[in-house]
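Before any comments, here is the structure.
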Amino acid sequence: MRRSYRLFNVKIVVIVYYPRAFCPKCGSSDVEVRFSEGRGKIFAMTKIYRKDGSYVIYGIVELEEGFRMYSNIVEGNQADIAKRVEVIFKEINGKKYPLFKVI
Amino acid sequence: MSPISDYAMVTYRHSKLFGTTDEQRAEIAVMQRYNASFNPKALFRNPITVEDVLQSRIVSYPLHLLEIVYPIDGFHVFVVSKRSSKSALRNIDILAYGEAHWPNPPAEWDDIIYTPAIESAKRASFDLNRVDTFQLYDSFTITVMLQMEDIGLVEKGKVGQFVESHDLTFKGDVPINTGGGSLNTGQPAYMSGGVILEEALLQLNDMADGHQVKGTDVVFLNGIGWWSRKHSVTLVLG
């Protein structure tokens, strides 16, 4: 009995953050910069307390495009794991930093 | 971010996913302090209660001050000699060994509730029923609990219940960090491998004054390195 096979050349897409010159999974240098919409949800977080009882929220955000990044969560009264967030850019000393707020 | 806030994120996610409570983590601190109270070399020796831990201030939610290791200056010296040397100390074999390195930031791992200990322990592949005491790196209470899961002492997510139903002191059924661990001796120069190795060697030589686990013949050690726990070494001595 004769069978026919079709072979596919599959290119696996891996989304990587932080940006690198090559893929940390397979070593390929065939990488490109893509843009994120900046929406996602909180994957992990902590409130870092100062001595006066105030705190800042730091966490890992899982973006809709499928990568995670460390960032601060601001305006965070409602912040919790699985809560939806979106990016805001805050200028500090002339540089813009991506922070997240709960939506 | 500091090591404290990094582990605090893991702690909160672990409690959110599995219902692990502050009280259960506090039990680790209490049981290790109990062990330390019998260790003349420990820095912190006064017994504490779960309530004491929960009353101590929150440094990075949900980690309390008494769940966090205290950095100190210090060092250990280990002398290795030939098996045939005329030493009063017993010969010790490396019964099993495994290491694992996860170089990417934890945010890129499948989940931050795992540590490379799951891989290093698998490589060591040692029957835990043969182990007399466990010495597990203890930068924080949660660090001990994560390793208890990852080395296979208890299923992932169930460590909270395990802590409640077992006695982890040197007098108990699952002795862990029998000298009080780094949480109570302090963490010399941020390196705690020496703390657990020293305690293992004392236990194996029946020299752990005041906190000896009788008849210790096999000790299971697990060390975790770098501040976001990217490296793990599993070592079984006996």
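All residue names refer to the structure tokens as shown: chains lettered A, B, ... in order, residues numbered from 1 in each chain, ligands numbered from 1 in order.
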### Task
Identify every residue of chain B that has at least one atom within 8 Å of any atom of chain A, counting only C-alpha atoms, and report the result as a list of chain:residue names.
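Applying the cut-off to the listed atoms yields B:Met1, B:Ser5, B:Ala8, B:Met9, B:Val10, B:Tyr12, B:Arg13, B:Lys16, B:Ile58, B:Val59, B:Ser60, B:Tyr61, B:Pro62, B:Ala107, B:Glu108.
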### Query
Residues at most 9 Å from Ile92 of chain B, counting only C-alpha atoms, excluding those fewer than 2 positions away in the same chain, as a PyMOL selection string?
chain B and resi 83+89-90+94-95+201+204+237-238
Go ahead and save the picked residues with N, CA, C and O atoms, as a CSV table (one decimal), in the first residue's frame.
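And here's selection_13.csv as it stands now:
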chain,number,residue,atom,x,y,z
B,83,ARG,N,40.3,9.1,52.6
B,83,ARG,CA,39.5,8.1,53.4
B,83,ARG,C,40.4,7.4,54.4
B,83,ARG,O,39.9,7.0,55.4
B,89,LEU,N,36.8,11.3,62.8
B,89,LEU,CA,35.5,11.5,62.2
B,89,LEU,C,35.2,10.4,61.2
B,89,LEU,O,36.1,9.7,60.7
B,90,ARG,N,33.9,10.1,61.0
B,90,ARG,CA,33.5,9.0,60.2
B,90,ARG,C,33.8,9.3,58.7
B,90,ARG,O,33.8,10.5,58.3
B,94,ILE,N,29.3,10.6,49.2
B,94,ILE,CA,28.2,11.4,48.5
B,94,ILE,C,27.3,10.3,47.9
B,94,ILE,O,27.7,9.6,46.9
B,95,LEU,N,26.1,10.1,48.5
B,95,LEU,CA,25.2,9.0,48.0
B,95,LEU,C,24.5,9.4,46.8
B,95,LEU,O,24.0,8.5,46.0
B,201,LEU,N,27.2,17.7,58.6
B,201,LEU,CA,28.4,17.0,59.0
B,201,LEU,C,28.4,16.7,60.5
B,201,LEU,O,28.8,15.7,61.0
B,204,LEU,N,25.9,13.8,61.1
B,204,LEU,CA,26.5,12.5,60.7
B,204,LEU,C,27.5,12.0,61.6
B,204,LEU,O,27.8,10.8,61.7
B,237,LEU,N,24.3,12.9,51.7
B,237,LEU,CA,25.6,12.4,52.4
B,237,LEU,C,25.2,11.3,53.3
B,237,LEU,O,24.2,11.4,54.0
B,238,GLY,N,26.1,10.4,53.4
B,238,GLY,CA,25.9,9.3,54.4
B,238,GLY,C,27.1,8.3,54.4
B,238,GLY,O,28.1,8.5,53.7
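Neighbours of Ala79 of chain A closer than or equal to 9 Å, with only C-alpha atoms counted and sequence neighbours fewer than 5 positions away skipped, come out as Ile42, Met45, Ile57, Ile73, Val74, Arg84, Val85, Lys101 and Val102 of chain A.
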Near Asp132 of chain B, within 7 Å and counting only C-alpha atoms, which residues show up once chain neighbours fewer than 3 positions away are dropped, as a PDB file with C-alpha atoms, in the first residue's frame?
ATOM      1  CA  THR B 216      21.594   9.928  61.810  1.00  0.00           C
ATOM      2  CA  ASP B 217      23.223   8.092  58.939  1.00  0.00           C
ATOM      3  CA  VAL B 218      21.840   9.826  55.843  1.00  0.00           C
ATOM      4  CA  VAL B 219      21.377  13.587  55.384  1.00  0.00           C
TER       5      VAL B 219
END
List as a compact mmCIF listing (two decimals) with all heavy atoms, in the first residue's frame the protein and nucleic acid residues near Val195 of chain B, meaning an atom at most 8 Å away when only C-alpha atoms are counted, but skip any in the same chain fewer than 2 places from it.
# COMPACT_ATOMS: atom_id res chain seq x y z
N HIS B 76 32.81 29.58 56.78
CA HIS B 76 33.01 28.20 57.21
C HIS B 76 34.27 27.67 56.57
O HIS B 76 34.62 28.06 55.46
CB HIS B 76 31.86 27.30 56.79
CG HIS B 76 30.58 27.57 57.52
ND1 HIS B 76 29.66 28.49 57.08
CD2 HIS B 76 30.08 27.04 58.66
CE1 HIS B 76 28.65 28.52 57.93
NE2 HIS B 76 28.87 27.65 58.89
N GLY B 181 18.88 26.40 61.15
CA GLY B 181 19.03 26.98 59.80
C GLY B 181 19.59 28.39 59.82
O GLY B 181 19.86 28.97 60.86
N SER B 182 19.77 28.93 58.62
CA SER B 182 20.28 30.29 58.49
C SER B 182 19.34 31.32 59.11
O SER B 182 19.77 32.39 59.52
CB SER B 182 20.47 30.65 57.02
OG SER B 182 21.16 29.65 56.34
N THR B 185 20.88 31.16 62.55
CA THR B 185 22.33 31.36 62.75
C THR B 185 22.78 32.63 62.05
O THR B 185 23.90 33.09 62.25
CB THR B 185 23.16 30.19 62.16
OG1 THR B 185 22.96 30.16 60.75
CG2 THR B 185 22.77 28.87 62.78
N GLN B 187 22.90 34.57 58.03
CA GLN B 187 23.34 34.12 56.70
C GLN B 187 24.72 34.71 56.42
O GLN B 187 24.84 35.88 56.08
CB GLN B 187 22.32 34.56 55.64
CG GLN B 187 22.60 34.00 54.28
CD GLN B 187 21.54 34.41 53.28
OE1 GLN B 187 21.02 35.52 53.33
NE2 GLN B 187 21.21 33.53 52.37
N SER B 192 24.61 30.56 52.27
CA SER B 192 24.08 29.69 53.31
C SER B 192 24.40 28.22 53.10
O SER B 192 24.05 27.40 53.93
CB SER B 192 22.56 29.87 53.43
OG SER B 192 22.29 31.05 54.12
N GLY B 193 25.05 27.90 52.00
CA GLY B 193 25.39 26.49 51.75
C GLY B 193 26.22 25.93 52.89
O GLY B 193 26.04 24.79 53.31
N LEU B 197 25.59 22.60 55.27
CA LEU B 197 26.62 21.56 55.18
C LEU B 197 27.24 21.29 56.55
O LEU B 197 27.45 20.14 56.93
CB LEU B 197 27.69 21.96 54.16
CG LEU B 197 28.80 20.93 53.90
CD1 LEU B 197 28.21 19.59 53.46
CD2 LEU B 197 29.78 21.44 52.85
N GLU B 198 27.52 22.36 57.30
CA GLU B 198 28.10 22.18 58.63
C GLU B 198 27.15 21.35 59.50
O GLU B 198 27.56 20.39 60.16
CB GLU B 198 28.38 23.52 59.31
CG GLU B 198 29.09 23.34 60.64
CD GLU B 198 28.93 24.51 61.60
OE1 GLU B 198 28.04 25.36 61.39
OE2 GLU B 198 29.68 24.56 62.58
N GLU B 199 25.88 21.70 59.47
CA GLU B 199 24.90 20.99 60.30
C GLU B 199 24.81 19.52 59.87
O GLU B 199 24.72 18.62 60.71
CB GLU B 199 23.53 21.67 60.19
CG GLU B 199 22.41 21.01 60.95
CD GLU B 199 22.62 20.96 62.47
OE1 GLU B 199 23.46 21.73 63.00
OE2 GLU B 199 21.95 20.14 63.13
### Task
Find the residues near segment 17-29 of chain B: any atom within 8 Å, counting only C-alpha atoms, skip ones fewer than 5 places away on the same chain, and give them as number ranges by chain.
B: 50, 53-54, 62, 66-67, 141-142, 144-145, 157-161, 163-164, 168, 183
### Task
Any chance you could list, as a ChimeraX atom specification, the residues in segment 11-90 of chain A that come up strand (DSSP E or B) when DSSP is run on the backbone?
/A:39-49,55-63,68-74,84-90
### Query
B:Tyr97, B:Phe220, B:Tyr70, B:Phe75: which is nearest Asn129 of chain B, counting only C-alpha atoms?
B:Phe220
### Query
If you run DSSP on the backbone, which residues of segment 104-234 of chain B are alpha helix (DSSP H), as an NGL selection string?
:B and (117-124 or 141-150 or 159-165 or 181-185 or 193-204)
Let's have the selection written as a CSV table (one decimal), in the first residue's frame, with N, CA and C atoms.
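Produced file out26.csv, reproduced below:
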chain,number,residue,atom,x,y,z
B,117,ALA,N,15.2,23.3,42.2
B,117,ALA,CA,15.4,22.1,43.0
B,117,ALA,C,14.6,20.9,42.5
B,118,ILE,N,13.5,21.2,41.8
B,118,ILE,CA,12.7,20.1,41.2
B,118,ILE,C,13.5,19.3,40.2
B,119,GLU,N,14.4,20.0,39.5
B,119,GLU,CA,15.3,19.3,38.5
B,119,GLU,C,16.5,18.7,39.2
B,120,SER,N,17.2,19.4,40.1
B,120,SER,CA,18.4,18.9,40.8
B,120,SER,C,18.0,17.7,41.6
B,121,ALA,N,16.9,17.7,42.3
B,121,ALA,CA,16.5,16.5,43.1
B,121,ALA,C,16.2,15.3,42.2
B,122,LYS,N,15.6,15.6,41.1
B,122,LYS,CA,15.3,14.5,40.1
B,122,LYS,C,16.5,13.9,39.6
B,123,ARG,N,17.5,14.7,39.4
B,123,ARG,CA,18.8,14.2,38.9
B,123,ARG,C,19.5,13.3,40.1
B,124,ALA,N,19.4,13.8,41.3
B,124,ALA,CA,19.9,13.1,42.4
B,124,ALA,C,19.2,11.7,42.6
B,141,THR,N,11.0,31.6,55.0
B,141,THR,CA,10.1,30.4,55.3
B,141,THR,C,9.7,29.7,54.0
B,142,ILE,N,9.3,30.6,53.1
B,142,ILE,CA,8.7,30.0,51.8
B,142,ILE,C,9.8,29.2,51.1
B,143,THR,N,11.0,29.6,51.2
B,143,THR,CA,12.1,28.9,50.5
B,143,THR,C,12.2,27.4,51.0
B,144,VAL,N,12.0,27.2,52.3
B,144,VAL,CA,12.0,25.8,52.8
B,144,VAL,C,10.8,25.1,52.2
B,145,MET,N,9.7,25.7,52.2
B,145,MET,CA,8.4,25.1,51.8
B,145,MET,C,8.5,24.7,50.3
B,146,LEU,N,9.0,25.6,49.5
B,146,LEU,CA,9.2,25.4,48.1
B,146,LEU,C,10.0,24.1,47.8
B,147,GLN,N,11.1,24.1,48.6
B,147,GLN,CA,12.0,22.9,48.4
B,147,GLN,C,11.4,21.6,48.9
B,148,MET,N,10.6,21.7,50.0
B,148,MET,CA,10.0,20.5,50.5
B,148,MET,C,9.1,19.9,49.4
B,149,GLU,N,8.5,20.8,48.6
B,149,GLU,CA,7.6,20.3,47.5
B,149,GLU,C,8.5,19.8,46.3
B,150,ASP,N,9.5,20.6,46.0
B,150,ASP,CA,10.3,20.3,44.8
B,150,ASP,C,11.2,19.1,44.9
B,159,VAL,N,2.2,21.7,50.7
B,159,VAL,CA,3.2,21.9,51.8
B,159,VAL,C,2.6,22.5,53.1
B,160,GLY,N,1.6,23.4,52.9
B,160,GLY,CA,0.9,24.0,54.1
B,160,GLY,C,0.3,23.0,55.0
B,161,GLN,N,-0.5,22.0,54.4
B,161,GLN,CA,-1.1,21.0,55.2
B,161,GLN,C,0.0,20.1,55.8
B,162,PHE,N,1.1,19.8,55.0
B,162,PHE,CA,2.1,18.9,55.5
B,162,PHE,C,2.8,19.5,56.8
B,163,VAL,N,3.0,20.8,56.7
B,163,VAL,CA,3.6,21.5,57.9
B,163,VAL,C,2.7,21.4,59.1
B,164,GLU,N,1.4,21.5,58.9
B,164,GLU,CA,0.5,21.4,60.0
B,164,GLU,C,0.4,20.0,60.6
B,165,SER,N,0.7,19.0,59.8
B,165,SER,CA,0.5,17.6,60.3
B,165,SER,C,1.8,16.8,60.6
B,181,GLY,N,18.9,26.4,61.1
B,181,GLY,CA,19.0,27.0,59.8
B,181,GLY,C,19.6,28.4,59.8
B,182,SER,N,19.8,28.9,58.6
B,182,SER,CA,20.3,30.3,58.5
B,182,SER,C,19.3,31.3,59.1
B,183,LEU,N,18.1,31.0,59.1
B,183,LEU,CA,17.1,31.9,59.7
B,183,LEU,C,17.5,32.3,61.2
B,184,ASN,N,18.2,31.3,61.8
B,184,ASN,CA,18.6,31.6,63.2
B,184,ASN,C,20.1,31.7,63.5
B,185,THR,N,20.9,31.2,62.5
B,185,THR,CA,22.3,31.4,62.8
B,185,THR,C,22.8,32.6,62.0
B,193,GLY,N,25.0,27.9,52.0
B,193,GLY,CA,25.4,26.5,51.8
B,193,GLY,C,26.2,25.9,52.9
B,194,GLY,N,27.1,26.8,53.4
B,194,GLY,CA,28.0,26.3,54.5
B,194,GLY,C,27.2,26.0,55.8
B,195,VAL,N,26.1,26.8,56.0
B,195,VAL,CA,25.3,26.6,57.2
B,195,VAL,C,24.7,25.2,57.2
B,196,ILE,N,24.1,24.8,56.1
B,196,ILE,CA,23.4,23.5,56.0
B,196,ILE,C,24.4,22.4,55.9
B,197,LEU,N,25.6,22.6,55.3
B,197,LEU,CA,26.6,21.6,55.2
B,197,LEU,C,27.2,21.3,56.5
B,198,GLU,N,27.5,22.4,57.3
B,198,GLU,CA,28.1,22.2,58.6
B,198,GLU,C,27.2,21.3,59.5
B,199,GLU,N,25.9,21.7,59.5
B,199,GLU,CA,24.9,21.0,60.3
B,199,GLU,C,24.8,19.5,59.9
B,200,ALA,N,24.9,19.3,58.6
B,200,ALA,CA,24.8,17.9,58.1
B,200,ALA,C,26.0,17.1,58.6
B,201,LEU,N,27.2,17.7,58.6
B,201,LEU,CA,28.4,17.0,59.0
B,201,LEU,C,28.4,16.7,60.5
B,202,LEU,N,27.9,17.7,61.3
B,202,LEU,CA,27.7,17.5,62.7
B,202,LEU,C,26.8,16.3,63.0
B,203,GLN,N,25.6,16.4,62.3
B,203,GLN,CA,24.6,15.3,62.6
B,203,GLN,C,25.2,13.9,62.2
B,204,LEU,N,25.9,13.8,61.1
B,204,LEU,CA,26.5,12.5,60.7
B,204,LEU,C,27.5,12.0,61.6
